[in-house]
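**Q** Sharing a structure, written as structure tokens. Questions coming.
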Amino acid sequence: MSDSTPASAPLARATLWGLWAILLGLGCIGMWLRITQGHLPAGYGSYAPWGLWIAIYFHGVGIAGGAFALGALGYILDWPGFTDRKALRTTVILSFAAFMPAFLGVWLDLGHPERAAAILLSPNFTSMMAFNAWMYNGFMVVAGAAFLLSYAKQSSWLKPLLCLAGVLSLMFPSQSGAFFGVVDAKPFWNSALMPMLFLTGAVTAGAAMLLAVRGLVRGGDEDHAIARLRTVVLAGIAAYAVFEFAEFSIALWNPSVHAPEVELIMWGPFWWVFWIVHLAVGMALPALLLLSRSRQAWWWGALLVSICFISSRLNVLIPGQATGDLLGLQSAFQHERLTFVYQATAMEYLVGLFLVALGMGVFWIGQRIDSLLAAKAGTNA
Amino acid sequence: MPMTRREVIQSGIAVGAGVAVSGAAIVSARGKQDHADASGPSTVRNLDTLKNIPAKPGEDPLMRMQRDLVKAMAKPMEQRHWVMVIDQRKCVGCHACTVSCIAENHLPPGVVYRPVVIEESGSFPNIKLEFTPRPCMQCDQPPCVPVCPVSATWKRADGIVAVDYDACIGCRYCLTACPYGARTSDFGEDYQAKAAIGADGQAVAGAQATPNEGKPSPEYGKSWDRKGHASPAGNARKCHFCLHKLENGQLPACTSTCIGRATYFGDSNDPDSLVSELITKHNVQTLLPHKGTRPRVYYIV
């Protein structure tokens with residue numbers, strides 16, 4: 001980049017390490033609580049069964065898919081800045097680093113985590129959850145194979161494998177939307193736009209995270225790559241805004257449809273998640289930063305998108321569960337887990353911090369492994 | 001370097017193979033039979049309940065339903081179709097069914113199979129209260145079944161939607177899929193842990209749980225001990241029409257404890273059963289019929 005990124009200075013590097021240590025330290029408290037007390041300190045219940053960790057999960061797999069799709073596409077189509085193998089491997093490592101915390105988050109959310117392997121060993125493919133899980137794992141196998149092939153001097157299978165992994169990386173984020181879209185019991189989720197919203201969110205957040213990471217790692221022709229990714233992030237923000245408006249407009253302008261979920265998103269107790277985190281800090285401010293001439297501003301804009309786009313997941317997940325078809329069910333049998341109101345607890349936030357620290361750690365380790373393997377293979381490109 | 005012709009062909013093969021495998025997985029899952037429940041003569045139960053007490057005209061509906069139950073159990077499982085009929089005109093909202101269900105199935109805090117939804121309409125002094133007991137609807141098109149990623153829940157041949165507690169991973173996808181909110185998750189809570197503790201470190205008298213809580217649940221004819229977060233702790237749980245009682249010739253707890261005789265249970269495949277008579281004689285309704293789930297719980301309103 002023509003002007004320095006925040007991480008290029010030793011101070012920034014120390015800041016990142018310090019941040020990681022804080023995230024890990026606080027996150028370990030959350031993990032301790034989860035391990036010793038199970039689900040008891042969590043805020044989710046039976047009428048709002050999923051919470052913050054599931055939002056992190058969908059955000060993580062979105063970043064994994066979106067970043068990989070762009071990195072692979074750039075390599076296959078010879079986009080300037082994406083053609084060297086070091087950059088390709090950075091994309092794969094980022095994808096894996098986004099996957100690991102996502103998987104840990106959903107694993108911790110299970111009532112019986114020790115049975116998680118059953119999704120792979122005895123899947124029911126009429127369930128989008130099982131289908132999606134197989135897609136992830138298929139993707140990881142293919143992307144992992146492509147990663148290893150990238151060290152070979154010549155391989156005619158690298159690009160074909162990237163094509164397959166690229167298709168998979170576009171499929172599973174859209175399936176994340178279908179995961180919600182198939183739930184007829186939740187009117188807000190039951191929309192054909194969900195797969196498109198999730199795919200657009202994934203590509204946008206993935207591109208943003210890739211831009212931020214490549215600004216930090218600097219392994220190749222960053223100027224061209226970052227310029228291309230900037231365009232994708234800007235287009236992604238615009239597309240997401242259009243899809244989101246389309247979704248909301250049906251609810252807001254239809255005189256015969258009452259959409260409590262949309263009202264909850266816009267005017268409910270968590271209005272600030274939509275207006276401030278999602279729209280202002282997650283879309284409008286990054287768009288302004290990305291439209292500026294400063295490449296440092298681009299980096300900050302991309303970082304904001306990659307973090308704040310989790311609000312787009314939260315704003316689907318939580319409001320969708322906040323209403324029920326049977327009026328009076330909540331008051332029929334009173335218990336704090338039999339309510340449509342969800343509020344993440346301190347334990348959930350702390351575990352969330354651990355997941356972020358894990359992602360950062362996996363990326364760092366991945367980079368170190370890449371350096372070792374590249375040195376062993378005698379290639380850096 | 002642009003892709004070579006060979007790479008393009010290889011890519012086509014790889015992506016095509018991926019699409020074919022995915023398609024095959026979906027098709028095979030759609031055509032797959034559900035759990036292979038026992039069926040045929042082995043499921044016939046020749047019960048002698050009420051055998052020596054002749055039926056009398058005008059006897060208590062519980063007696064009639066008991067006879068219907070014995071008759072149904074004498075058939076193979078696939079020939080029974082359990083349904084419930086709830087007469088809302090008779091329900092007084094006493095919650096006896098809710099409580100008896102909790103006691104029967106040893107349900108922990110936050111888990112409820114049969115809440116009674118109360119709706120208030122009108123304005124004072126012309127207020128009307130409507131009570132809607134809400135068990136699992138045992139839908140013929142249950143939306144909770146296809147979403148289960150590990151086939152831990154299925155529709156039995158006798159109409160009951162069952163859960164395999166040993167297979168359920170606790171993902172709670174089925175909870176979101178049920179439009180009736182009929183599934184609750186067992187998060188591992190127990191009443192004893194919430195008991196008020198006195199100065200002597202012991203639970204304050206009256207605050208502690210009954211010994212019933214610590215006993216294993218008899219659901220699905222097994223003994224489920226939740227100690228150490230063992231199943232059904234961590235699982236999705238739901239009403240199963242007291243399947244373990246049916247197998248022993250007993251009516252579901254909610255039915256036998258309904259003080260107003262507002263809950264009826266029986267085999268809708270038997271045209272002479274009380275439930276069949278009620279369904280055909282009255283203008284029955286189902287909850288949320290527009291959802292297309294085809295519930296097997298009918299309401300007389």
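By convention in this document, the chains of the structure tokens carry letters A, B, ... by their order, each chain's residues are numbered from 1, and ligands are numbered from 1 in the order they are shown.
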Pick out the residues sitting within 6 Å of stretch 29-40 of chain A, and hand them over as a list in words; count only C-alpha atoms, and ignore anything fewer than 5 positions along from it in its own chain.
**A**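 Answer for this query is Met347, Leu350 and Val351 of chain A.
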**Q** Contacts of B:His290 at 12 Å or less, counting only C-alpha atoms, minus same-chain residues fewer than 4 places along, as a VMD selection string?
**A** (chain A and resid 184 to 185 325) or (chain B and resid 179 285 to 286 294 to 295)
**Q** Deliver the residues from the most recent selection as a file, using all heavy atoms, as a PDB file, in the first residue's frame.
**A**
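Printed below is part_12.pdb as written:
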ATOM      1  N   ASP A 184     -40.598 -22.462   8.224  1.00  0.00           N
ATOM      2  CA  ASP A 184     -41.905 -21.870   7.956  1.00  0.00           C
ATOM      3  C   ASP A 184     -42.522 -21.286   9.224  1.00  0.00           C
ATOM      4  O   ASP A 184     -43.345 -20.365   9.163  1.00  0.00           O
ATOM      5  CB  ASP A 184     -42.823 -22.953   7.379  1.00  0.00           C
ATOM      6  CG  ASP A 184     -44.163 -22.403   6.945  1.00  0.00           C
ATOM      7  OD1 ASP A 184     -44.160 -21.440   6.172  1.00  0.00           O
ATOM      8  OD2 ASP A 184     -45.198 -22.915   7.403  1.00  0.00           O
ATOM      9  N   ALA A 185     -42.105 -21.811  10.366  1.00  0.00           N
ATOM     10  CA  ALA A 185     -42.692 -21.354  11.632  1.00  0.00           C
ATOM     11  C   ALA A 185     -42.264 -19.931  11.993  1.00  0.00           C
ATOM     12  O   ALA A 185     -42.887 -19.304  12.848  1.00  0.00           O
ATOM     13  CB  ALA A 185     -42.293 -22.303  12.761  1.00  0.00           C
ATOM     14  N   ASP A 325     -46.347 -17.709  16.985  1.00  0.00           N
ATOM     15  CA  ASP A 325     -47.674 -17.752  16.377  1.00  0.00           C
ATOM     16  C   ASP A 325     -48.778 -17.875  17.409  1.00  0.00           C
ATOM     17  O   ASP A 325     -49.891 -17.413  17.194  1.00  0.00           O
ATOM     18  CB  ASP A 325     -47.762 -18.930  15.404  1.00  0.00           C
ATOM     19  CG  ASP A 325     -47.150 -18.592  14.055  1.00  0.00           C
ATOM     20  OD1 ASP A 325     -47.480 -17.516  13.535  1.00  0.00           O
ATOM     21  OD2 ASP A 325     -46.357 -19.386  13.538  1.00  0.00           O
TER      22      ASP A 325
ATOM     23  N   PRO B 179     -44.177 -24.531  14.880  1.00  0.00           N
ATOM     24  CA  PRO B 179     -44.948 -23.282  14.986  1.00  0.00           C
ATOM     25  C   PRO B 179     -45.756 -23.193  16.282  1.00  0.00           C
ATOM     26  O   PRO B 179     -46.238 -22.129  16.630  1.00  0.00           O
ATOM     27  CB  PRO B 179     -45.881 -23.335  13.776  1.00  0.00           C
ATOM     28  CG  PRO B 179     -45.984 -24.770  13.416  1.00  0.00           C
ATOM     29  CD  PRO B 179     -44.707 -25.424  13.832  1.00  0.00           C
ATOM     30  N   GLN B 285     -61.679 -28.057  15.394  1.00  0.00           N
ATOM     31  CA  GLN B 285     -60.683 -27.218  14.734  1.00  0.00           C
ATOM     32  C   GLN B 285     -59.297 -27.688  15.142  1.00  0.00           C
ATOM     33  O   GLN B 285     -59.149 -28.373  16.150  1.00  0.00           O
ATOM     34  CB  GLN B 285     -60.859 -25.754  15.156  1.00  0.00           C
ATOM     35  CG  GLN B 285     -62.158 -25.148  14.699  1.00  0.00           C
ATOM     36  CD  GLN B 285     -62.268 -23.681  15.060  1.00  0.00           C
ATOM     37  OE1 GLN B 285     -61.404 -23.139  15.737  1.00  0.00           O
ATOM     38  NE2 GLN B 285     -63.344 -23.052  14.630  1.00  0.00           N
ATOM     39  N   THR B 286     -58.319 -27.289  14.339  1.00  0.00           N
ATOM     40  CA  THR B 286     -56.930 -27.545  14.728  1.00  0.00           C
ATOM     41  C   THR B 286     -56.220 -26.205  14.854  1.00  0.00           C
ATOM     42  O   THR B 286     -56.689 -25.197  14.316  1.00  0.00           O
ATOM     43  CB  THR B 286     -56.203 -28.409  13.678  1.00  0.00           C
ATOM     44  OG1 THR B 286     -56.316 -27.759  12.412  1.00  0.00           O
ATOM     45  CG2 THR B 286     -56.787 -29.801  13.609  1.00  0.00           C
ATOM     46  N   ARG B 294     -51.034 -30.494   9.589  1.00  0.00           N
ATOM     47  CA  ARG B 294     -52.053 -31.519   9.848  1.00  0.00           C
ATOM     48  C   ARG B 294     -51.951 -32.081  11.267  1.00  0.00           C
ATOM     49  O   ARG B 294     -51.565 -33.222  11.484  1.00  0.00           O
ATOM     50  CB  ARG B 294     -51.956 -32.626   8.801  1.00  0.00           C
ATOM     51  CG  ARG B 294     -52.319 -32.103   7.401  1.00  0.00           C
ATOM     52  CD  ARG B 294     -51.956 -33.059   6.313  1.00  0.00           C
ATOM     53  NE  ARG B 294     -52.617 -34.340   6.494  1.00  0.00           N
ATOM     54  CZ  ARG B 294     -52.209 -35.461   5.904  1.00  0.00           C
ATOM     55  NH1 ARG B 294     -51.163 -35.442   5.119  1.00  0.00           N
ATOM     56  NH2 ARG B 294     -52.857 -36.578   6.097  1.00  0.00           N
ATOM     57  N   PRO B 295     -52.301 -31.263  12.242  1.00  0.00           N
ATOM     58  CA  PRO B 295     -52.187 -31.692  13.645  1.00  0.00           C
ATOM     59  C   PRO B 295     -53.136 -32.834  13.975  1.00  0.00           C
ATOM     60  O   PRO B 295     -54.207 -32.969  13.362  1.00  0.00           O
ATOM     61  CB  PRO B 295     -52.577 -30.439  14.428  1.00  0.00           C
ATOM     62  CG  PRO B 295     -52.496 -29.312  13.474  1.00  0.00           C
ATOM     63  CD  PRO B 295     -52.780 -29.892  12.130  1.00  0.00           C
TER      64      PRO B 295
END
**Q** Could you check which of A:Gly25, A:Lys153, A:Tyr47, A:Phe58 is closest to A:Ala377, using only C-alpha atoms?
**A**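 Answer, going by the shortest atom-to-atom distance: A:Lys153.
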**Q** Using atom CA of A:Phe333 and atom CA of B:Pro115 as the two end points, give the distance in Å to one decimal.
**A**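 The value is 5.8 Å.
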**Q** Excluding stretch 131-135 of chain B and its own-chain neighbours fewer than 3 positions away, which residues fall within 7 Å of it when counting only C-alpha atoms? Please give them as a PyMOL selection string.
**A** chain B and resi 88+91-93+113-119+182+239
**Q** At a cut-off of 6 Å, which residues of chain B touch chain A? Count only C-alpha atoms and give the answer as a ChimeraX atom specification.
**A** /B:7,10-11,14-15,26,29,110,115-117,146-151,169-171,177,179,184-185,234
**Q** I'd like to know which residues of stretch 60-264 of chain B are strand (DSSP E or B) (by DSSP, run on the backbone); could you write them as a ChimeraX atom specification?
**A** /B:82-87,116-123,126-133,153-155,161-163,184-185,197,203,217,224,236-237,263-264
**Q** Taking C-alpha atoms for each residue, export the selection above as a short mmCIF file (atom, residue, chain, number, x, y, z; two decimals), in the first residue's frame.
**A**
data_model
loop_
_atom_site.label_atom_id
_atom_site.label_comp_id
_atom_site.auth_asym_id
_atom_site.auth_seq_id
_atom_site.Cartn_x
_atom_site.Cartn_y
_atom_site.Cartn_z
CA TRP B 82 -53.52 -41.78 18.40
CA VAL B 83 -55.28 -38.45 18.55
CA MET B 84 -56.33 -36.06 21.27
CA VAL B 85 -59.53 -34.05 21.40
CA ILE B 86 -59.74 -31.06 23.72
CA ASP B 87 -63.11 -29.58 24.52
CA VAL B 116 -52.44 -23.96 29.03
CA VAL B 117 -52.53 -20.80 26.96
CA ILE B 118 -54.94 -18.24 28.34
CA GLU B 119 -56.44 -15.63 26.06
CA GLU B 120 -58.47 -12.78 27.40
CA SER B 121 -60.88 -10.95 25.17
CA GLY B 122 -63.47 -8.23 25.61
CA SER B 123 -63.39 -5.33 28.01
CA ASN B 126 -67.61 -8.28 29.64
CA ILE B 127 -64.45 -10.31 29.72
CA LYS B 128 -64.05 -13.74 28.29
CA LEU B 129 -61.24 -16.10 29.13
CA GLU B 130 -60.36 -18.85 26.69
CA PHE B 131 -58.15 -21.72 27.73
CA THR B 132 -56.15 -23.62 25.15
CA PRO B 133 -54.17 -26.56 26.48
CA THR B 153 -36.92 -37.36 15.79
CA TRP B 154 -39.45 -39.12 13.62
CA LYS B 155 -43.11 -39.85 13.08
CA VAL B 161 -43.69 -37.89 16.93
CA ALA B 162 -40.91 -39.39 19.01
CA VAL B 163 -37.45 -38.20 20.04
CA THR B 184 -38.56 -27.14 24.85
CA SER B 185 -34.91 -27.72 25.52
CA ILE B 197 -30.85 -22.04 51.23
CA ALA B 203 -32.79 -25.90 51.62
CA SER B 217 -37.89 -40.10 33.84
CA TRP B 224 -33.67 -41.59 31.96
CA ALA B 236 -35.08 -31.27 22.86
CA ARG B 237 -38.09 -32.60 24.76
CA THR B 263 -59.33 -33.89 27.30
CA TYR B 264 -60.07 -37.01 25.32
#
**Q** Report as a list in words all protein, DNA and RNA residues lying within 12 Å of B:Ser39, evaluated on only C-alpha atoms, omitting residues in the same chain fewer than 4 positions from it.
**A**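 Listed by chain and then number, they are His35, Thr43, Val44, Arg45, Lys75, Pro76, Met77, Glu78, Gln79, Arg80, Arg156, Ala157 and Asp158 of chain B.
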